[in-house]
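Peer 1: This is the structure I want to talk about, given as structure tokens.
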Amino acid sequence: MLVTHYSITKSDLFDLLARLAQTSRVFVPYSCDSQRSENIRFYFGEFDPSRESAVELGGVRQSQPFKSFISPARETVMGGNEPGPKPAQRHSLRSGTGRVIVAGVKACDLSSLILQDYVYLKGDVKDPFYAFRRDNTLIISCDCTYAKETCFCVAMGGRPYPTKDFDLNLSPQDGFFVVEVGSDKGREIVDSYKTFFKNCKNRDFSGRDSMRENVGLQIQDFIKKRGTPDTAAINGNVKKSYDNLPLWQDAASTCVECGACNLVCPTCHCFLLFDESARQKIGRGKVWDACLYKTFAKVAGNHNPRKYLYERMRNRFDKKFAFFPEVLGYFACTGCGRCIEACPGNIDIREVLKGVVTGKWKKPPHD
């Protein structure tokens, strides 16, 4: 029987990452300084053995969505003197290597991959840039060891720990990690560095399961206190509330069209292609777009089918909670809470969803 679970000490894990960094670009989550633990932010940076004390492989999700590694915020898809895009060569040229390893990815980011793959890989034509990065990115995910008040993944059918779509998963314990192998790529890492991986003991699984249960209960408590609706309650109600204009107008009343909610969302995927010239070279670029931008839906003749802000706000919710459940059987929200933290207008997706379900909503006062 093939063993799928191991244990690895923290020091051995960092040694492993250092060795992997010799042939791949390795990214890990770093913590920003904060006196209040609930306000700590985590960001991805390249692994630096001299900064091991700042690496946080537990904690909560990073502010940066994982999608940025496989679908960058800005990239050149054609340009210069190149006859055409060669995804593998261009990716390797920018990265220094064909493979990227991202450690510390949380479940709320992994659950977005079903949608990103659907958009970029399941259509009539695959996006060659996305496909290359997807194939050449190794994911070392990690359980959450606590939750923020903005977390509501459980309401969206998720869990604060990965269950699929990872190559290796780490469950932090006291001084070591329980490692689960999730793919052939993960198995290759284990087989190539066997001395780092030890057999698991029953108490290791007990500790892991206890931590997972405690974090899940913490999130459920946040959900209960705020009254955040779950997918069963939301299902079908966005369509029913579509013509409730006061609800959408009130929800959009403090929106400043910054697009932050779109850009930090792990499931948002819209992009814009543009042409530019510099130094007698013509290139075509690709950037993330945002459905809340006024020009997002503008078409030829300067016509805009969603010229009012409330219409764009409504479209965002319709896409996430009506369109994708119909075509993919998937709610395009992972409950990560990034949009809540990023919004300067204090728009809380949980409160809007409560309004959708009840038919009434009034924006809470700004904190």
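Identifiers in the structure tokens: chain A, B, ... in order shown; residue index from 1 per chain; ligand index from 1 in order shown.
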Ser183 of chain A: which residues within 8 Å, counting only C-alpha atoms, same-chain residues fewer than 5 positions away excluded, as a ChimeraX atom specification?

Peer 2: /A:166-168

Peer 1: For Phe196 of chain A, find every residue with an atom within 10 Å (counting only C-alpha atoms), except residues of its own chain fewer than 6 positions away, and show them as a list in words.

Peer 2: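 The residues that qualify are Tyr6, Ser7, Ile8, Thr9, Ser11, Asp12, Leu13, Asp15, Leu16 and Val190 of chain A.
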
Peer 1: Could you take the residues named above and write them with C-alpha atoms, as a compact mmCIF listing (two decimals), in the first residue's frame?

Peer 2:
# COMPACT_ATOMS: atom_id res chain seq x y z
CA TYR A 6 4.42 11.59 6.39
CA SER A 7 5.86 13.95 8.95
CA ILE A 8 8.65 16.46 8.48
CA THR A 9 10.34 18.69 11.04
CA SER A 11 14.10 22.58 10.15
CA ASP A 12 14.06 19.77 7.58
CA LEU A 13 11.26 21.51 5.68
CA ASP A 15 16.30 22.67 4.31
CA LEU A 16 14.10 21.02 1.67
CA VAL A 190 8.94 12.81 -1.44

Peer 1: Go through segment 4-209 of chain A and collect every residue that DSSP, computed from the backbone, puts in helix (DSSP H, G or I); the answer should be as a PyMOL selection string.

Peer 2: chain A and resi 10-20+37-39+49-54+67-70+87-95+107-110+113-121+128-135+153-156+184-192+194-196+202-209

Peer 1: Can I get the selected residues back with C-alpha atoms, as a short mmCIF file (atom, residue, chain, number, x, y, z; two decimals), in the first residue's frame?

Peer 2:
data_model
loop_
_atom_site.label_atom_id
_atom_site.label_comp_id
_atom_site.auth_asym_id
_atom_site.auth_seq_id
_atom_site.Cartn_x
_atom_site.Cartn_y
_atom_site.Cartn_z
CA LYS A 10 10.32 22.44 10.56
CA SER A 11 14.10 22.58 10.15
CA ASP A 12 14.06 19.77 7.58
CA LEU A 13 11.26 21.51 5.68
CA PHE A 14 13.29 24.71 5.39
CA ASP A 15 16.30 22.67 4.31
CA LEU A 16 14.10 21.02 1.67
CA LEU A 17 12.84 24.39 0.41
CA ALA A 18 16.41 25.67 0.17
CA ARG A 19 17.38 22.68 -1.96
CA LEU A 20 14.33 23.04 -4.17
CA SER A 37 -2.48 39.36 15.68
CA GLU A 38 -5.88 39.65 14.01
CA ASN A 39 -4.48 42.41 11.79
CA PRO A 49 16.88 31.05 4.19
CA SER A 50 18.09 34.10 6.13
CA ARG A 51 14.48 35.14 6.77
CA GLU A 52 13.10 31.83 8.02
CA SER A 53 11.76 33.43 11.20
CA ALA A 54 9.35 35.56 9.13
CA LYS A 67 -4.19 33.13 -9.05
CA SER A 68 -1.45 35.72 -9.59
CA PHE A 69 1.08 32.90 -10.04
CA ILE A 70 -0.76 31.19 -12.89
CA PRO A 87 4.57 30.34 -23.63
CA ALA A 88 7.19 27.92 -22.30
CA GLN A 89 10.14 29.98 -23.51
CA ARG A 90 8.69 33.31 -22.41
CA HIS A 91 7.72 32.03 -18.98
CA SER A 92 11.16 30.50 -18.45
CA LEU A 93 12.82 33.70 -19.61
CA ARG A 94 10.98 35.84 -17.04
CA SER A 95 11.15 33.34 -14.19
CA ALA A 107 -7.91 25.98 0.83
CA CYS A 108 -9.88 29.08 -0.18
CA ASP A 109 -7.40 29.65 -3.02
CA LEU A 110 -7.30 26.02 -4.08
CA LEU A 113 -8.96 26.54 -9.36
CA ILE A 114 -12.07 24.72 -10.60
CA LEU A 115 -13.33 28.04 -11.96
CA GLN A 116 -10.01 29.34 -13.26
CA ASP A 117 -9.42 26.03 -15.07
CA TYR A 118 -12.94 26.13 -16.49
CA VAL A 119 -12.37 29.60 -17.94
CA TYR A 120 -8.83 29.17 -19.26
CA LEU A 121 -8.62 25.46 -20.10
CA PRO A 128 -1.35 28.56 -23.60
CA PHE A 129 0.19 30.88 -21.00
CA TYR A 130 -2.18 29.75 -18.25
CA ALA A 131 -1.79 26.10 -19.25
CA PHE A 132 1.99 26.28 -19.08
CA ARG A 133 2.04 27.93 -15.68
CA ARG A 134 -0.60 25.58 -14.33
CA ASP A 135 1.42 22.55 -15.42
CA CYS A 153 -15.35 29.62 3.79
CA VAL A 154 -17.52 27.13 5.68
CA ALA A 155 -20.67 29.00 4.58
CA MET A 156 -19.51 28.61 0.97
CA ASP A 184 2.38 12.53 -8.77
CA LYS A 185 4.37 15.77 -8.62
CA GLY A 186 4.15 15.70 -4.84
CA ARG A 187 5.15 12.03 -4.79
CA GLU A 188 8.22 12.89 -6.86
CA ILE A 189 9.35 15.39 -4.21
CA VAL A 190 8.94 12.81 -1.44
CA ASP A 191 10.77 10.12 -3.39
CA SER A 192 13.60 12.47 -4.31
CA LYS A 194 13.26 10.54 1.28
CA THR A 195 15.52 11.36 4.24
CA PHE A 196 13.37 14.38 5.14
CA ASN A 202 -1.49 8.12 15.39
CA ARG A 203 -1.02 11.10 17.69
CA ASP A 204 0.10 13.17 14.68
CA PHE A 205 -3.27 12.65 13.02
CA SER A 206 -5.10 13.35 16.29
CA GLY A 207 -3.33 16.68 16.62
CA ARG A 208 -4.04 17.58 13.01
CA ASP A 209 -7.73 16.67 13.23
#

Peer 1: Just how far from atom CA of Cys151 of chain A is atom CA of Lys319 of chain A, in Å to one decimal?

Peer 2: 21.0 Å

Peer 1: If you measure from atom CA of Lys354 of chain A to atom CA of Gly158 of chain A, what distance in Å do you get, rounded to one decimal?

Peer 2: 18.8 Å

Peer 1: Can you list, as a ChimeraX atom specification, every protein, DNA or RNA residue that comes within 7 Å of segment 288-293 of chain A when you count only C-alpha atoms, leaving out same-chain residues fewer than 6 positions away?

Peer 2: /A:73-74,257,259,262,270-272,312-313,316

Peer 1: May I have the selected residues written with N, CA and C atoms, as a PDB file, in the first residue's frame?

Peer 2:
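Okay, result_13.pdb is ready:
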ATOM      1  N   ALA A  73      -1.119  39.487 -13.043  1.00  0.00           N
ATOM      2  CA  ALA A  73      -1.901  40.712 -13.185  1.00  0.00           C
ATOM      3  C   ALA A  73      -1.570  41.453 -14.473  1.00  0.00           C
ATOM      4  N   ARG A  74      -0.347  41.301 -14.944  1.00  0.00           N
ATOM      5  CA  ARG A  74       0.057  41.964 -16.187  1.00  0.00           C
ATOM      6  C   ARG A  74       1.115  41.098 -16.855  1.00  0.00           C
ATOM      7  N   GLU A 257     -15.360  52.443  -7.277  1.00  0.00           N
ATOM      8  CA  GLU A 257     -14.925  51.837  -8.543  1.00  0.00           C
ATOM      9  C   GLU A 257     -13.422  51.607  -8.610  1.00  0.00           C
ATOM     10  N   GLY A 259     -12.002  48.743  -8.005  1.00  0.00           N
ATOM     11  CA  GLY A 259     -11.758  47.403  -8.523  1.00  0.00           C
ATOM     12  C   GLY A 259     -11.011  46.495  -7.569  1.00  0.00           C
ATOM     13  N   ASN A 262     -12.375  42.950  -7.135  1.00  0.00           N
ATOM     14  CA  ASN A 262     -12.117  42.066  -8.274  1.00  0.00           C
ATOM     15  C   ASN A 262     -10.678  41.570  -8.280  1.00  0.00           C
ATOM     16  N   CYS A 270     -11.554  38.049 -15.261  1.00  0.00           N
ATOM     17  CA  CYS A 270     -11.686  38.889 -16.456  1.00  0.00           C
ATOM     18  C   CYS A 270     -10.371  39.598 -16.755  1.00  0.00           C
ATOM     19  N   PHE A 271     -10.091  39.758 -18.046  1.00  0.00           N
ATOM     20  CA  PHE A 271      -8.852  40.411 -18.453  1.00  0.00           C
ATOM     21  C   PHE A 271      -9.102  41.302 -19.656  1.00  0.00           C
ATOM     22  N   LEU A 272      -8.132  42.159 -19.925  1.00  0.00           N
ATOM     23  CA  LEU A 272      -8.200  43.097 -21.034  1.00  0.00           C
ATOM     24  C   LEU A 272      -6.931  42.954 -21.862  1.00  0.00           C
ATOM     25  N   ARG A 312     -23.471  47.427 -12.302  1.00  0.00           N
ATOM     26  CA  ARG A 312     -22.216  46.688 -12.306  1.00  0.00           C
ATOM     27  C   ARG A 312     -22.052  45.899 -11.009  1.00  0.00           C
ATOM     28  N   MET A 313     -22.506  46.478  -9.907  1.00  0.00           N
ATOM     29  CA  MET A 313     -22.473  45.755  -8.640  1.00  0.00           C
ATOM     30  C   MET A 313     -23.384  44.518  -8.725  1.00  0.00           C
ATOM     31  N   ARG A 316     -21.854  41.725 -10.730  1.00  0.00           N
ATOM     32  CA  ARG A 316     -20.815  40.986 -10.000  1.00  0.00           C
ATOM     33  C   ARG A 316     -21.432  39.859  -9.177  1.00  0.00           C
TER      34      ARG A 316
END

Peer 1: May I have the residues within 12 Å of Pro325 of chain A as a list in words, using only C-alpha atoms and disregarding those fewer than 5 positions away in the same chain?

Peer 2: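 Result of the neighbour search: Leu115, Met156, Thr231, Ala232, Ile234, Asn235, Gly236, Asn237, Val238, Lys239, Phe317, Asp318, Lys319, Lys320, Tyr330, Phe331, Ala332 and Cys333 of chain A.
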
Peer 1: Just write the chosen residues, N, CA and C atoms, as a compact mmCIF listing (two decimals), in the first residue's frame.

Peer 2:
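Output file part_28.txt is given in full below:
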# COMPACT_ATOMS: atom_id res chain seq x y z
N LEU A 115 -12.79 26.99 -11.10
CA LEU A 115 -13.33 28.04 -11.96
C LEU A 115 -12.27 28.57 -12.91
N MET A 156 -19.58 28.82 2.41
CA MET A 156 -19.51 28.61 0.97
C MET A 156 -19.20 27.16 0.62
N THR A 231 -24.64 28.62 1.16
CA THR A 231 -24.98 28.44 -0.26
C THR A 231 -26.42 27.99 -0.44
N ALA A 232 -26.93 27.17 0.48
CA ALA A 232 -28.32 26.70 0.37
C ALA A 232 -29.29 27.87 0.48
N ILE A 234 -28.55 31.06 -0.19
CA ILE A 234 -28.30 32.01 -1.27
C ILE A 234 -28.88 31.52 -2.59
N ASN A 235 -28.85 30.21 -2.80
CA ASN A 235 -29.21 29.62 -4.09
C ASN A 235 -30.55 30.12 -4.62
N GLY A 236 -30.52 30.73 -5.79
CA GLY A 236 -31.73 31.22 -6.45
C GLY A 236 -32.16 32.61 -6.06
N ASN A 237 -31.61 33.16 -4.98
CA ASN A 237 -32.09 34.44 -4.48
C ASN A 237 -31.50 35.66 -5.18
N VAL A 238 -30.35 35.49 -5.82
CA VAL A 238 -29.82 36.62 -6.60
C VAL A 238 -30.73 36.91 -7.77
N LYS A 239 -31.23 35.86 -8.42
CA LYS A 239 -32.18 36.06 -9.52
C LYS A 239 -33.47 36.70 -9.01
N PHE A 317 -22.50 40.16 -8.47
CA PHE A 317 -23.15 39.15 -7.64
C PHE A 317 -23.89 38.12 -8.50
N ASP A 318 -24.48 38.56 -9.59
CA ASP A 318 -25.18 37.64 -10.48
C ASP A 318 -24.21 36.61 -11.07
N LYS A 319 -23.03 37.07 -11.43
CA LYS A 319 -22.03 36.17 -12.01
C LYS A 319 -21.58 35.13 -10.99
N LYS A 320 -21.32 35.58 -9.77
CA LYS A 320 -20.78 34.69 -8.75
C LYS A 320 -21.81 33.73 -8.18
N TYR A 330 -21.15 25.63 -9.23
CA TYR A 330 -20.12 26.13 -8.33
C TYR A 330 -20.40 27.58 -7.99
N PHE A 331 -20.41 27.93 -6.72
CA PHE A 331 -20.54 29.32 -6.30
C PHE A 331 -19.17 29.97 -6.40
N ALA A 332 -19.06 31.02 -7.18
CA ALA A 332 -17.76 31.63 -7.46
C ALA A 332 -17.33 32.58 -6.35
N CYS A 333 -17.46 32.11 -5.12
CA CYS A 333 -16.96 32.82 -3.94
C CYS A 333 -16.45 31.75 -3.00

Peer 1: Nearest to Phe47 of chain A: which of A:Thr267, A:Gln218, A:Gln22, A:Ser253 is it, counting only C-alpha atoms?

Peer 2: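 Counting only C-alpha atoms, the residue closest to Phe47 of chain A is A:Gln22.
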
Peer 1: Between A:Ser210, A:Gln220, A:Thr295, A:Ser112, which residue has the minimum interatomic distance to Phe66 of chain A, considering only C-alpha atoms?

Peer 2: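 Closest to Phe66 of chain A, using only C-alpha atoms: A:Ser112.
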
Peer 1: Expressed in Å to a single decimal, how great is the separation between atom CA of Pro160 of chain A and atom CA of Glu180 of chain A?

Peer 2: 15.5 Å

Peer 1: Can you tell me which residues surround His5 of chain A at a distance of at most 9 Å, considering only C-alpha atoms, apart from same-chain residues fewer than 4 positions away, and format the answer as a ChimeraX atom specification?

Peer 2: /A:178-181,198-200

Peer 1: Keeping only C-alpha atoms, write those residues as a PDB file, in the first residue's frame.

Peer 2:
ATOM      1  CA  VAL A 178       1.969  16.309   8.857  1.00  0.00           C
ATOM      2  CA  VAL A 179       2.505  15.968   5.100  1.00  0.00           C
ATOM      3  CA  GLU A 180      -0.109  14.596   2.723  1.00  0.00           C
ATOM      4  CA  VAL A 181       0.778  13.637  -0.847  1.00  0.00           C
ATOM      5  CA  LYS A 198       9.308  10.212   8.367  1.00  0.00           C
ATOM      6  CA  ASN A 199       6.400   7.904   9.116  1.00  0.00           C
ATOM      7  CA  CYS A 200       3.367   9.441  10.828  1.00  0.00           C
TER       8      CYS A 200
END

Peer 1: Using only C-alpha atoms, can you tell me which of A:Thr358, A:Asn346, A:Ser31, A:Ser63 comes closest to Thr254 of chain A?

Peer 2: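 Answer, going by the shortest atom-to-atom distance: A:Asn346.
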